[in-house]
Amino acid sequence: MHGFFSQLVVVLLTARLLALLLRRLGQPTVVAEMAAGFVLGPAALGAISMSAVEWLVSARTALDVLGQIGLTLFMFVVGAELTGAGISRARTAGGLVAISAVAVPALLALALAPWVYEYAPAGVGFWQFASFFCLAIATTAVPVMARLLQERGELGSTEGAVSLSAAAFGDVLVWLGLPLIVGFSKAPLDTGAALKSTGALVALAIVAIYGVRPLLAAWWSRVPVDAPTAMVVGPPLVCGVIFAASTSAIGFHAVFGAFLAGLCMPRDAGLLHKLDAAVTPVSTLVLMPCFFASAGLQTLPIASVGLGASLLAIIVVAVVGKLVGGAIGMRFAGYGWSASAKVGVLMNIRGMMELVVITIGFQAGLIGADMFTALFFMAIITTAMASPMLAAVSALQAAAGARAAQSGRAIKDPA
């Protein structure tokens, strides 16, 4: 056991050191945590010392268990946050951006799918692979976007509000589609079992929305204002664990249940604040780095990834799809090009949501190690791009404003 704690120290220290380094470059902490998982795996550390990687691999089972717990807690909080702040604001502009920012990258990914289908695992049909590939390319990360906007002081801006609403709505579409794709991926083996599992998931969702949600609302209305944290956080967490166990029992990943439980939470800022304060520090600072490390240990060395030029094509399709899709949606909503460009950049942030999606796909056998490594790398690149691209767009906006002001003065006071 002492060996595992030494490995855990290496994982956490690597994440913290990279966070300190990348923060100087304007990157959010999650980019460092994702990068730490990648750095500690065969894709990076393996090029220096495979023995060090093998030492860490011996802890992968324990890291995976801790990471899955952190992932489940994280998705529970994400579901609660979407309920309180995301879905209710997904109106007009946010809805248009969400649809276009999911549809455009998904269509581009579908066009690329025949080219990369040769890297799908044996026995996986084209449409099973293509459906998941499109979903993975279309994912956006709400929590990372919110953290980045908060650090930039733009959380309340028009572009920020629209992007958060669009990302929240888009993520709901992704999380509705993902269990169906994973369920039907088993169709060639047992169509009846896949349909039965999907039906059970739909039934669980109905029970959650029309049964559990009202019960939780009634419970929260009776909780005293000065109730201790354990009394406030305990029942929601137990509910989350029950739902996670339920989806796991019917053949889906536990995160679907945790996410569904989060959606059932009462829409109360006080409850969300206490949940966030009690759960987020442990899940993000200790448990999620274990998830990233476990995922990183399943990657392949970049030099040995068989995708070749397809790796570049995947990154280009992912970036162009989100930039164009987000910008087009914003333009259709009646905003200018500068605001549209900023929304397109924000919709390109994938963060840990992408790793959650591809990990589920990898565990379900929909993608192999090559594609998993490529999509892992793409998630880091697209998330890291956000800060410098936002700075560039802001600089262009400022320059355009200065030119407009100077032009106005010149007209009022001709030489």
# chains A, B, ... in the order shown; residues from 1 in each chain; ligands from 1

$ residues_around --residues "stretch 386-397 of chain A" --least-positions-apart "3" --cutoff "9 Å" --atoms "only C-alpha atoms" --output "VMD selection string"
chain A and resid 25 to 28 145 148 338 to 339 341 to 342 345 to 346 348 to 349 382 to 383 400 to 402

$ residues_around --residues "A:Ile99" --least-positions-apart "6" --cutoff "10 Å" --atoms "only C-alpha atoms" --output "number ranges by chain"
A: 166-167, 169-170, 173, 325-326, 329

$ write_last_selection --atoms "all heavy atoms" --output "PDB file, in the first residue's frame"
ATOM      1  N   ALA A 166     -25.334  27.797 -24.340  1.00  0.00           N
ATOM      2  CA  ALA A 166     -25.214  26.892 -25.489  1.00  0.00           C
ATOM      3  C   ALA A 166     -24.472  25.615 -25.115  1.00  0.00           C
ATOM      4  O   ALA A 166     -24.874  24.512 -25.499  1.00  0.00           O
ATOM      5  CB  ALA A 166     -24.488  27.609 -26.633  1.00  0.00           C
ATOM      6  N   ALA A 167     -23.377  25.761 -24.359  1.00  0.00           N
ATOM      7  CA  ALA A 167     -22.603  24.585 -23.957  1.00  0.00           C
ATOM      8  C   ALA A 167     -23.412  23.681 -23.037  1.00  0.00           C
ATOM      9  O   ALA A 167     -23.336  22.449 -23.129  1.00  0.00           O
ATOM     10  CB  ALA A 167     -21.311  25.029 -23.269  1.00  0.00           C
ATOM     11  N   PHE A 169     -26.731  23.367 -22.970  1.00  0.00           N
ATOM     12  CA  PHE A 169     -27.738  22.686 -23.787  1.00  0.00           C
ATOM     13  C   PHE A 169     -27.087  21.619 -24.661  1.00  0.00           C
ATOM     14  O   PHE A 169     -27.611  20.504 -24.807  1.00  0.00           O
ATOM     15  CB  PHE A 169     -28.473  23.710 -24.649  1.00  0.00           C
ATOM     16  CG  PHE A 169     -29.619  23.144 -25.424  1.00  0.00           C
ATOM     17  CD1 PHE A 169     -30.764  22.709 -24.773  1.00  0.00           C
ATOM     18  CD2 PHE A 169     -29.564  23.036 -26.806  1.00  0.00           C
ATOM     19  CE1 PHE A 169     -31.835  22.182 -25.487  1.00  0.00           C
ATOM     20  CE2 PHE A 169     -30.619  22.514 -27.525  1.00  0.00           C
ATOM     21  CZ  PHE A 169     -31.754  22.082 -26.865  1.00  0.00           C
ATOM     22  N   GLY A 170     -25.928  21.942 -25.244  1.00  0.00           N
ATOM     23  CA  GLY A 170     -25.218  20.976 -26.080  1.00  0.00           C
ATOM     24  C   GLY A 170     -24.774  19.759 -25.302  1.00  0.00           C
ATOM     25  O   GLY A 170     -24.843  18.624 -25.799  1.00  0.00           O
ATOM     26  N   LEU A 173     -27.560  17.388 -24.820  1.00  0.00           N
ATOM     27  CA  LEU A 173     -27.756  16.577 -26.026  1.00  0.00           C
ATOM     28  C   LEU A 173     -26.742  15.444 -26.096  1.00  0.00           C
ATOM     29  O   LEU A 173     -27.078  14.300 -26.432  1.00  0.00           O
ATOM     30  CB  LEU A 173     -27.649  17.463 -27.279  1.00  0.00           C
ATOM     31  CG  LEU A 173     -28.701  18.551 -27.463  1.00  0.00           C
ATOM     32  CD1 LEU A 173     -28.423  19.347 -28.736  1.00  0.00           C
ATOM     33  CD2 LEU A 173     -30.095  17.941 -27.523  1.00  0.00           C
ATOM     34  N   GLY A 325     -19.105  26.519 -36.261  1.00  0.00           N
ATOM     35  CA  GLY A 325     -20.438  26.250 -35.742  1.00  0.00           C
ATOM     36  C   GLY A 325     -20.886  27.267 -34.712  1.00  0.00           C
ATOM     37  O   GLY A 325     -22.009  27.777 -34.770  1.00  0.00           O
ATOM     38  N   GLY A 326     -20.006  27.599 -33.767  1.00  0.00           N
ATOM     39  CA  GLY A 326     -20.350  28.591 -32.752  1.00  0.00           C
ATOM     40  C   GLY A 326     -20.570  29.965 -33.344  1.00  0.00           C
ATOM     41  O   GLY A 326     -21.522  30.677 -32.987  1.00  0.00           O
ATOM     42  N   GLY A 329     -23.923  30.183 -35.413  1.00  0.00           N
ATOM     43  CA  GLY A 329     -25.081  30.280 -34.527  1.00  0.00           C
ATOM     44  C   GLY A 329     -25.243  31.669 -33.948  1.00  0.00           C
ATOM     45  O   GLY A 329     -26.359  32.197 -33.861  1.00  0.00           O
TER      46      GLY A 329
END

$ residues_around --residues "A:Gly94" --least-positions-apart "4" --cutoff "7 Å" --atoms "only C-alpha atoms" --output "ChimeraX atom specification"
/A:90,98,162-163,165-166

$ residues_around --residues "stretch 292-303 of chain A" --least-positions-apart "2" --cutoff "6 Å" --atoms "only C-alpha atoms" --output "list in words"
Met34, Gly37, Phe38, Gly41, Pro42, Ala43, Arg60, Leu63, Asp64, Pro289, Cys290, Val305 and Thr373 of chain A

$ write_last_selection --atoms "C-alpha atoms" --output "short mmCIF file (atom, residue, chain, number, x, y, z; two decimals), in the first residue's frame"
data_model
loop_
_atom_site.label_atom_id
_atom_site.label_comp_id
_atom_site.auth_asym_id
_atom_site.auth_seq_id
_atom_site.Cartn_x
_atom_site.Cartn_y
_atom_site.Cartn_z
CA MET A 34 -5.19 16.87 -18.30
CA GLY A 37 -2.22 12.56 -17.16
CA PHE A 38 -0.83 12.69 -20.68
CA GLY A 41 1.62 8.01 -19.68
CA PRO A 42 3.43 6.14 -22.44
CA ALA A 43 2.72 9.03 -24.82
CA ARG A 60 -3.62 1.91 -12.46
CA LEU A 63 -5.99 5.12 -9.62
CA ASP A 64 -8.91 4.10 -11.81
CA PRO A 289 -6.04 13.88 -11.26
CA CYS A 290 -6.26 10.13 -10.63
CA VAL A 305 0.10 6.04 -33.00
CA THR A 373 -4.75 8.75 -27.75
#

$ residues_around --residues "A:Val232" --least-positions-apart "4" --cutoff "9 Å" --atoms "only C-alpha atoms" --output "PyMOL selection string"
chain A and resi 220+223+227-228+236+271+274-275

$ write_last_selection --atoms "C-alpha atoms" --output "CSV table (one decimal), in the first residue's frame"
chain,number,residue,atom,x,y,z
A,220,TRP,CA,-35.1,20.8,0.7
A,223,VAL,CA,-34.2,21.8,5.6
A,227,ALA,CA,-28.6,23.1,8.9
A,228,PRO,CA,-25.1,21.6,9.2
A,236,PRO,CA,-28.1,14.4,-2.4
A,271,LEU,CA,-27.9,24.0,-2.0
A,274,LYS,CA,-23.0,23.8,-0.3
A,275,LEU,CA,-22.7,20.9,-2.7

$ closest_residue --among "A:Ala269, A:Gly257, A:Val286, A:Ala106" --to "A:Thr14" --atoms "only C-alpha atoms"
A:Val286

$ closest_residue --among "A:Ala47, A:Val241, A:Val124, A:Ala103" --to "A:Phe256" --atoms "only C-alpha atoms"
A:Val241

$ closest_atom_pairs --of "stretch 246-290 of chain A" --to "stretch 197-218 of chain A" --cutoff "12 Å" --atoms "only C-alpha atoms" --output "CSV"
residue,atom,partner,partner_atom,distance
A:Ser246,CA,A:Leu204,CA,8.3
A:Thr247,CA,A:Leu201,CA,7.0
A:Ser248,CA,A:Leu201,CA,10.2
A:Ala249,CA,A:Ser197,CA,9.4
A:Ile250,CA,A:Ser197,CA,5.5
A:Gly251,CA,A:Ser197,CA,6.4
A:Phe252,CA,A:Ser197,CA,7.9
A:His253,CA,A:Leu201,CA,11.0
A:Ala254,CA,A:Leu201,CA,11.7
A:Phe256,CA,A:Leu201,CA,9.2
A:Gly257,CA,A:Leu204,CA,8.8
A:Ala258,CA,A:Ala208,CA,11.3
A:Phe259,CA,A:Ala205,CA,10.7
A:Leu260,CA,A:Ala205,CA,7.1
A:Ala261,CA,A:Ala208,CA,7.2
A:Gly262,CA,A:Arg213,CA,9.7
A:Leu263,CA,A:Ile209,CA,8.3
A:Cys264,CA,A:Arg213,CA,4.6
A:Met265,CA,A:Arg213,CA,6.5
A:Pro266,CA,A:Ala217,CA,5.3
A:Arg267,CA,A:Ala217,CA,8.5
A:Asp268,CA,A:Ala217,CA,9.5
A:Leu271,CA,A:Ala217,CA,10.9

$ write_last_selection --atoms "N, CA, C and O atoms" --output "compact mmCIF listing (two decimals), in the first residue's frame"
# COMPACT_ATOMS: atom_id res chain seq x y z
N SER A 246 -27.53 2.35 -10.15
CA SER A 246 -28.65 1.89 -10.98
C SER A 246 -28.26 1.84 -12.45
O SER A 246 -28.54 0.84 -13.14
N THR A 247 -27.64 2.90 -12.96
CA THR A 247 -27.24 2.88 -14.37
C THR A 247 -26.15 1.85 -14.62
O THR A 247 -26.11 1.22 -15.68
N SER A 248 -25.27 1.66 -13.65
CA SER A 248 -24.23 0.64 -13.79
C SER A 248 -24.87 -0.76 -13.85
O SER A 248 -24.43 -1.62 -14.63
N ALA A 249 -25.92 -0.97 -13.07
CA ALA A 249 -26.57 -2.28 -13.03
C ALA A 249 -27.30 -2.61 -14.32
O ALA A 249 -27.43 -3.79 -14.69
N ILE A 250 -27.78 -1.58 -15.06
CA ILE A 250 -28.52 -1.85 -16.29
C ILE A 250 -27.62 -1.80 -17.53
O ILE A 250 -28.11 -1.83 -18.66
N GLY A 251 -26.31 -1.70 -17.30
CA GLY A 251 -25.37 -1.82 -18.41
C GLY A 251 -24.78 -0.53 -18.92
O GLY A 251 -24.10 -0.53 -19.96
N PHE A 252 -25.00 0.59 -18.24
CA PHE A 252 -24.42 1.86 -18.65
C PHE A 252 -23.42 2.34 -17.61
O PHE A 252 -23.37 1.83 -16.49
N HIS A 253 -22.63 3.33 -17.98
CA HIS A 253 -21.61 3.85 -17.08
C HIS A 253 -22.27 4.56 -15.90
O HIS A 253 -23.34 5.17 -16.03
N ALA A 254 -21.62 4.49 -14.74
CA ALA A 254 -22.16 5.11 -13.53
C ALA A 254 -22.33 6.61 -13.65
O ALA A 254 -23.20 7.20 -12.99
N PHE A 256 -23.64 8.32 -15.95
CA PHE A 256 -24.96 8.70 -16.45
C PHE A 256 -25.95 8.85 -15.30
O PHE A 256 -26.75 9.78 -15.26
N GLY A 257 -25.88 7.92 -14.35
CA GLY A 257 -26.75 8.01 -13.19
C GLY A 257 -26.43 9.20 -12.32
O GLY A 257 -27.34 9.88 -11.83
N ALA A 258 -25.14 9.46 -12.11
CA ALA A 258 -24.74 10.62 -11.31
C ALA A 258 -25.20 11.91 -11.95
O ALA A 258 -25.70 12.82 -11.28
N PHE A 259 -25.05 12.02 -13.26
CA PHE A 259 -25.50 13.20 -14.00
C PHE A 259 -27.00 13.37 -13.88
O PHE A 259 -27.50 14.47 -13.64
N LEU A 260 -27.74 12.27 -14.01
CA LEU A 260 -29.20 12.31 -13.90
C LEU A 260 -29.62 12.74 -12.50
O LEU A 260 -30.56 13.53 -12.33
N ALA A 261 -28.92 12.23 -11.49
CA ALA A 261 -29.22 12.64 -10.10
C ALA A 261 -28.96 14.12 -9.91
O ALA A 261 -29.73 14.81 -9.22
N GLY A 262 -27.91 14.63 -10.51
CA GLY A 262 -27.62 16.06 -10.42
C GLY A 262 -28.73 16.89 -11.02
O GLY A 262 -29.11 17.95 -10.48
N LEU A 263 -29.29 16.43 -12.14
CA LEU A 263 -30.39 17.16 -12.78
C LEU A 263 -31.63 17.20 -11.90
O LEU A 263 -32.49 18.07 -12.06
N CYS A 264 -31.75 16.24 -10.98
CA CYS A 264 -32.92 16.19 -10.09
C CYS A 264 -32.81 17.13 -8.90
O CYS A 264 -33.78 17.31 -8.16
N MET A 265 -31.63 17.71 -8.67
CA MET A 265 -31.45 18.55 -7.49
C MET A 265 -32.33 19.80 -7.56
O MET A 265 -32.55 20.35 -8.65
N PRO A 266 -32.85 20.26 -6.42
CA PRO A 266 -33.64 21.50 -6.40
C PRO A 266 -32.85 22.67 -6.96
O PRO A 266 -31.64 22.77 -6.75
N ARG A 267 -33.53 23.56 -7.65
CA ARG A 267 -32.87 24.72 -8.25
C ARG A 267 -32.73 25.82 -7.20
O ARG A 267 -33.44 26.82 -7.22
N ASP A 268 -31.78 25.61 -6.33
CA ASP A 268 -31.56 26.55 -5.24
C ASP A 268 -30.07 26.86 -5.16
O ASP A 268 -29.24 25.95 -5.04
N LEU A 271 -28.24 25.48 -1.96
CA LEU A 271 -27.93 24.05 -2.00
C LEU A 271 -26.75 23.80 -2.93
O LEU A 271 -25.82 23.05 -2.59

$ atom_distance --atom1 "atom CA of A:Glu54" --atom2 "atom CA of A:Ala120"
26.0 Å

$ select_by_dssp --residues "stretch 271-410 of chain A" --states "alpha helix (DSSP H)" --output "PyMOL selection string"
chain A and resi 271-282+288-296+309-332+337-347+351-363+369-410
